[in-house]
$ cat my_file-v3.cif   # mmCIF, C-alpha atoms and all ligand atoms
data_my_file
#
loop_
_atom_site.label_atom_id
_atom_site.label_comp_id
_atom_site.auth_asym_id
_atom_site.auth_seq_id
_atom_site.Cartn_x
_atom_site.Cartn_y
_atom_site.Cartn_z
CA MET A 785 -12.30 25.01 12.20
CA THR A 786 -10.95 21.54 12.09
CA THR A 787 -12.08 18.88 14.52
CA GLN A 788 -9.37 17.74 16.93
CA PHE A 789 -9.35 14.49 18.81
CA HIS A 790 -6.83 15.15 21.55
CA ASP A 791 -9.01 13.53 24.20
CA THR A 792 -9.83 10.51 22.10
CA VAL A 793 -8.04 7.18 22.16
CA LEU A 794 -9.38 4.49 19.87
CA SER A 795 -11.02 1.56 21.60
CA ASP A 796 -9.03 -1.60 22.26
CA ALA A 797 -11.23 -3.31 19.68
CA ALA A 798 -10.27 -0.74 17.05
CA LEU A 799 -6.57 -1.03 17.94
CA ASP A 800 -6.81 -4.82 17.72
CA GLN A 801 -8.42 -4.50 14.28
CA LEU A 802 -5.73 -2.16 13.01
CA PHE A 803 -2.65 -3.54 14.76
CA ASN A 804 -2.67 -6.10 17.54
CA GLU A 805 -4.80 -8.81 15.97
CA ALA A 806 -4.37 -7.86 12.31
CA ARG A 807 -2.27 -10.31 10.34
CA THR A 808 -0.68 -10.63 6.93
CA TYR A 809 -2.77 -13.15 4.98
CA ASN A 810 -1.58 -15.62 2.39
CA GLY A 811 -5.01 -17.01 1.49
CA TRP A 812 -8.48 -15.60 1.11
CA LEU A 813 -12.06 -16.52 1.83
CA ASP A 814 -14.34 -16.71 -1.19
CA LYS A 815 -15.86 -13.32 -0.56
CA PRO A 816 -15.58 -10.41 -2.97
CA VAL A 817 -14.31 -6.88 -2.40
CA SER A 818 -16.64 -4.32 -3.97
CA ALA A 819 -15.82 -1.27 -6.07
CA PRO A 820 -17.20 1.04 -3.34
CA GLN A 821 -14.88 -0.65 -0.80
CA ILE A 822 -11.90 0.00 -3.10
CA GLU A 823 -12.87 3.67 -3.42
CA ARG A 824 -13.38 3.92 0.33
CA ILE A 825 -9.86 2.65 0.95
CA TYR A 826 -8.47 5.28 -1.41
CA ASP A 827 -10.60 8.05 0.06
CA LEU A 828 -9.31 7.28 3.56
CA MET A 829 -5.71 6.76 2.49
CA LYS A 830 -5.44 10.01 0.55
CA MET A 831 -6.14 12.05 3.69
CA ALA A 832 -2.94 10.87 5.39
CA PRO A 833 0.17 13.03 4.99
CA THR A 834 2.72 13.05 2.18
CA SER A 835 5.55 15.52 1.73
CA ALA A 836 4.21 18.78 0.22
CA ASN A 837 1.00 16.80 -0.32
CA MET A 838 2.77 15.27 -3.29
CA GLN A 839 0.52 12.18 -3.37
CA PRO A 840 2.97 10.30 -5.60
CA GLY A 841 1.19 6.94 -5.32
CA ARG A 842 -0.44 5.59 -8.47
CA PHE A 843 -2.63 2.57 -7.89
CA VAL A 844 -3.77 -0.24 -10.16
CA TRP A 845 -6.40 -2.48 -8.60
CA VAL A 846 -6.13 -5.92 -10.16
CA THR A 847 -9.51 -7.64 -10.03
CA SER A 848 -10.24 -9.30 -13.40
CA ASP A 849 -9.14 -12.84 -14.23
CA GLU A 850 -7.19 -11.47 -17.19
CA ALA A 851 -5.27 -8.94 -15.10
CA LYS A 852 -4.68 -11.50 -12.34
CA ALA A 853 -3.15 -13.91 -14.87
CA LYS A 854 -0.89 -11.13 -16.10
CA LEU A 855 0.14 -10.29 -12.54
CA LYS A 856 0.72 -13.93 -11.65
CA SER A 857 3.35 -14.14 -14.38
CA CYS A 858 5.25 -11.18 -12.84
CA VAL A 859 5.53 -12.37 -9.23
CA MET A 860 7.88 -14.82 -7.55
CA GLU A 861 6.75 -18.42 -7.49
CA GLY A 862 5.75 -18.31 -3.82
CA ASN A 863 3.42 -15.39 -4.45
CA ALA A 864 1.78 -16.65 -7.65
CA ASP A 865 -1.10 -18.55 -6.09
CA LYS A 866 -1.66 -15.75 -3.60
CA VAL A 867 -2.30 -13.09 -6.22
CA ALA A 868 -4.35 -15.50 -8.33
CA ALA A 869 -6.65 -16.28 -5.40
CA ALA A 870 -7.00 -12.80 -3.91
CA PRO A 871 -10.17 -10.83 -4.71
CA VAL A 872 -8.00 -7.77 -5.31
CA THR A 873 -4.30 -7.07 -5.50
CA VAL A 874 -3.37 -3.42 -5.63
CA LEU A 875 -0.17 -2.38 -7.38
CA ILE A 876 1.30 0.54 -5.46
CA ALA A 877 3.47 2.53 -7.84
CA HIS A 878 4.92 6.02 -7.66
CA ASP A 879 5.11 8.71 -10.28
CA ILE A 880 8.62 10.12 -10.67
CA ASP A 881 7.01 13.20 -12.23
CA PHE A 882 4.58 13.82 -9.37
CA HIS A 883 5.76 17.45 -9.28
CA GLU A 884 3.65 18.23 -12.36
CA GLN A 885 0.59 17.92 -10.10
CA LEU A 886 1.86 20.16 -7.33
CA PRO A 887 0.30 23.41 -8.62
CA TRP A 888 -3.12 22.03 -7.66
CA LEU A 889 -2.07 19.66 -4.88
CA PHE A 890 -0.04 22.26 -2.96
CA PRO A 891 -1.49 25.52 -4.24
CA HIS A 892 -0.26 27.95 -1.60
CA THR A 893 3.31 27.95 -2.92
CA ASP A 894 5.30 27.07 -6.03
CA ALA A 895 6.37 23.59 -4.85
CA LYS A 896 6.75 22.34 -8.41
CA SER A 897 9.86 24.47 -8.81
CA TRP A 898 11.50 22.73 -5.81
CA PHE A 899 11.64 19.49 -7.78
CA GLU A 900 12.21 20.64 -11.35
CA GLY A 901 15.53 19.39 -12.71
CA ASP A 902 16.10 17.15 -9.67
CA GLU A 903 15.12 13.70 -10.81
CA ALA A 904 17.19 11.98 -8.12
CA GLY A 905 15.40 13.98 -5.42
CA ARG A 906 12.02 13.28 -6.98
CA THR A 907 12.78 9.56 -7.17
CA GLU A 908 13.70 9.51 -3.49
CA GLY A 909 10.67 11.58 -2.47
CA ALA A 910 8.27 9.57 -4.61
CA PHE A 911 9.55 6.26 -3.25
CA ARG A 912 9.40 7.38 0.37
CA ASN A 913 5.97 8.92 0.16
CA ALA A 914 4.34 6.21 -1.95
CA ALA A 915 5.63 3.60 0.50
CA LEU A 916 3.93 5.64 3.23
CA GLN A 917 0.77 5.73 1.15
CA GLY A 918 0.95 1.95 0.82
CA ALA A 919 1.13 1.68 4.61
CA TYR A 920 -1.81 4.06 5.00
CA LEU A 921 -3.68 1.98 2.44
CA MET A 922 -3.24 -1.17 4.51
CA LEU A 923 -4.50 0.55 7.64
CA ALA A 924 -7.42 2.02 5.68
CA ALA A 925 -8.33 -1.45 4.39
CA ARG A 926 -8.13 -2.90 7.89
CA SER A 927 -10.22 -0.05 9.26
CA ILE A 928 -13.13 -1.07 7.02
CA GLY A 929 -12.90 -4.72 7.97
CA LEU A 930 -10.64 -6.04 5.23
CA ASP A 931 -7.33 -7.89 5.47
CA CYS A 932 -4.06 -7.34 3.61
CA GLY A 933 -1.22 -9.38 2.18
CA PRO A 934 1.66 -7.07 1.15
CA MET A 935 4.36 -8.46 -1.15
CA SER A 936 7.60 -7.27 -2.69
CA GLY A 937 8.49 -10.58 -4.31
CA PHE A 938 8.02 -9.72 -7.97
CA ASP A 939 9.99 -8.90 -11.10
CA ALA A 940 9.71 -5.12 -11.19
CA ALA A 941 10.71 -4.79 -14.84
CA ALA A 942 8.18 -7.42 -15.91
CA LEU A 943 5.44 -5.91 -13.78
CA GLU A 944 6.10 -2.40 -15.08
CA LYS A 945 6.08 -3.69 -18.65
CA ALA A 946 2.81 -5.53 -18.08
CA PHE A 947 0.92 -2.78 -16.23
CA PHE A 948 2.69 0.55 -16.76
CA ALA A 949 3.78 0.38 -20.39
CA ASP A 950 1.76 3.53 -21.13
CA SER A 951 3.10 5.36 -18.09
CA PRO A 952 6.86 4.71 -18.03
CA ARG A 953 7.41 7.30 -15.27
CA HIS A 954 5.39 5.15 -12.87
CA LYS A 955 7.62 2.76 -10.91
CA ILE A 956 6.35 -0.14 -8.85
CA ASN A 957 6.80 0.14 -5.09
CA PHE A 958 5.09 -2.95 -3.68
CA ILE A 959 1.90 -4.89 -4.18
CA CYS A 960 -0.81 -5.79 -1.68
CA SER A 961 -3.60 -8.31 -1.86
CA ILE A 962 -6.81 -7.29 -0.13
CA GLY A 963 -9.80 -9.34 0.88
CA TYR A 964 -11.20 -11.37 3.74
CA GLY A 965 -8.24 -13.34 5.06
CA ASP A 966 -8.45 -17.09 5.50
CA PRO A 967 -7.26 -17.83 9.06
CA ALA A 968 -5.99 -21.23 7.84
CA SER A 969 -3.44 -19.43 5.64
CA ILE A 970 -1.30 -17.77 8.29
CA PHE A 971 1.72 -18.89 10.29
CA GLU A 972 2.23 -18.18 13.95
CA ARG A 973 2.88 -14.53 14.64
CA SER A 974 6.56 -13.69 14.36
CA PRO A 975 8.21 -12.04 17.37
CA ARG A 976 8.05 -8.28 17.71
CA PRO A 977 10.86 -6.39 19.43
CA GLU A 978 10.22 -4.83 22.81
CA PHE A 979 10.56 -1.05 22.97
CA GLY A 980 14.05 -1.02 24.48
CA ARG A 981 15.60 -3.01 21.65
CA PHE A 982 15.24 -0.59 18.76
CA ASN A 983 14.27 2.67 20.41
CA VAL A 984 16.03 5.41 22.26
CA VAL A 985 14.41 8.46 23.75
CA VAL A 986 16.91 11.29 23.83
C1 LIG B 1001 6.67 -4.53 1.86
C2 LIG B 1001 6.38 -5.96 2.22
C3 LIG B 1001 6.79 -6.97 1.36
C4 LIG B 1001 6.49 -8.29 1.64
N1 LIG B 1001 6.79 -9.25 0.70
C5 LIG B 1001 6.31 -10.50 0.86
C6 LIG B 1001 6.39 -11.43 -0.19
O1 LIG B 1001 6.91 -11.15 -1.29
N2 LIG B 1001 5.87 -12.68 0.01
C7 LIG B 1001 5.28 -13.02 1.19
O2 LIG B 1001 4.82 -14.15 1.31
N3 LIG B 1001 5.18 -12.14 2.21
C8 LIG B 1001 5.65 -10.88 2.07
N4 LIG B 1001 5.50 -9.96 3.08
C9 LIG B 1001 4.79 -10.36 4.31
C10 LIG B 1001 5.62 -10.23 5.60
O3 LIG B 1001 6.46 -11.32 5.76
C11 LIG B 1001 4.62 -10.10 6.77
O4 LIG B 1001 3.87 -8.93 6.58
C12 LIG B 1001 5.33 -10.04 8.13
O5 LIG B 1001 6.00 -11.24 8.40
C13 LIG B 1001 4.34 -9.75 9.25
O6 LIG B 1001 3.34 -10.74 9.32
P1 LIG B 1001 2.07 -10.53 10.26
O7 LIG B 1001 1.42 -9.25 9.81
O8 LIG B 1001 1.17 -11.69 10.02
O9 LIG B 1001 2.56 -10.45 11.66
C14 LIG B 1001 5.81 -8.63 2.84
C15 LIG B 1001 5.42 -7.61 3.72
C16 LIG B 1001 5.70 -6.30 3.40
C17 LIG B 1001 5.22 -5.22 4.36
#
$ encode --input "my_file-v3.cif" --output "structure tokens"
Amino acid sequence: MTTQFHDTVLSDAALDQLFNEARTYNGWLDKPVSAPQIERIYDLMKMAPTSANMQPGRFVWVTSDEAKAKLKSCVMEGNADKVAAAPVTVLIAHDIDFHEQLPWLFPHTDAKSWFEGDEAGRTEGAFRNAALQGAYLMLAARSIGLDCGPMSGFDAAALEKAFFADSPRHKINFICSIGYGDPASIFERSPRPEFGRFNVVV
């Protein structure tokens, strides 16, 4: 039996923490993120859905000064100080050959065979699902009291050379700093569209 929560709505405080008050941070308080917190984020994130449970995300958590310096040289100028100052920046990549893992990740059917010989389909599926995993990761981080600063301003080829030279089938998706956000580092909230603007119910 699995627990269901059909009668449960998260508290306003929880929704504020995850969505309404959560912001994208550019600067960080001088407060570390621990290894158990990093594992907790992953352990929450991995429970959220991916297609055929493919779990294509591959994650490099940049925490050391050496790795931060390497990362700094791969990002756009405006992001350089942000990744240098963040306690952690996670590189969210996806494995184009995720299908090799499907025999144990999706054991009730031969899902590996769906993707064999279809690199274009795997690339599309890996990108879509790892981007989802990156979004889940941000919500997981927020759910344990941390803040996020996602970024796509980097040189993908340089970043892959610096961090994925030994795994050339891993392609960078986006990167995300994580820590305790410095409220002095954010701009005013940008407008969000009202429901009617970008939604139709048919
Ligand atoms: C995938 C992604 C890539 C982003 N890339 C950058 C970036 O390279 N540099 C940057 O300063 N902000 C970047 N942002 C931050 C967005 O501008 C920010 O999340 C958005 O304006 C919402 O801000 P808010 O959460 O504070 O409302 C990125 C956000 C996402 C989700």
$ residues_near_ligand --input "my_file-v3.cif" --ligand "ligand LIG 1001 (chain B)" --cutoff "7 Å" --atoms "only C-alpha atoms and all ligand atoms" --output "PyMOL selection string"
chain A and resi 806-810+862-863+933-938+958+970+973-974
$ closest_residue --input "my_file-v3.cif" --among "A:Ala895, A:Val859, A:Met829, A:Ile880" --to "Arg912 of chain A" --atoms "only C-alpha atoms"
A:Ile880
$ closest_residue --input "my_file-v3.cif" --among "A:Glu861, A:Glu805, A:Asp827, A:Asp879" --to "Arg953 of chain A" --atoms "all atoms listed in the file"
A:Asp879
$ atom_distance --input "my_file-v3.cif" --atom1 "atom CA of Pro887 of chain A" --atom2 "atom CA of Ile822 of chain A"
27.0 Å
$ residues_around --input "my_file-v3.cif" --residues "Ala832 of chain A" --least-positions-apart "3" --cutoff "10 Å" --atoms "all atoms listed in the file" --output "list in words"
Asp827, Leu828, Met829, Asn837, Gln839, Leu916, Gln917, Tyr920, Leu921 and Ala924 of chain A
$ closest_residue --input "my_file-v3.cif" --among "A:Ala798, A:Leu875, A:Cys858, A:Cys932" --to "Lys955 of chain A" --atoms "all atoms listed in the file"
A:Leu875
$ atom_distance --input "my_file-v3.cif" --atom1 "atom CA of Ile876 of chain A" --atom2 "atom CA of Phe947 of chain A"
11.3 Å
$ residues_near_point --input "my_file-v3.cif" --point "(-4.5, -17.9, 5.9)" --cutoff "7 Å" --atoms "only C-alpha atoms" --output "compact mmCIF listing (two decimals) with C-alpha atoms, keeping the file's coordinate frame"
# COMPACT_ATOMS: atom_id res chain seq x y z
CA TYR A 809 -2.77 -13.15 4.98
CA ASN A 810 -1.58 -15.62 2.39
CA GLY A 811 -5.01 -17.01 1.49
CA TRP A 812 -8.48 -15.60 1.11
CA GLY A 965 -8.24 -13.34 5.06
CA ASP A 966 -8.45 -17.09 5.50
CA PRO A 967 -7.26 -17.83 9.06
CA ALA A 968 -5.99 -21.23 7.84
CA SER A 969 -3.44 -19.43 5.64
CA ILE A 970 -1.30 -17.77 8.29
$ residues_near_point --input "my_file-v3.cif" --point "(-7.8, -5.2, 16.8)" --cutoff "12 Å" --atoms "all atoms listed in the file" --output "VMD selection string"
chain A and resid 794 to 807 923 926 to 931
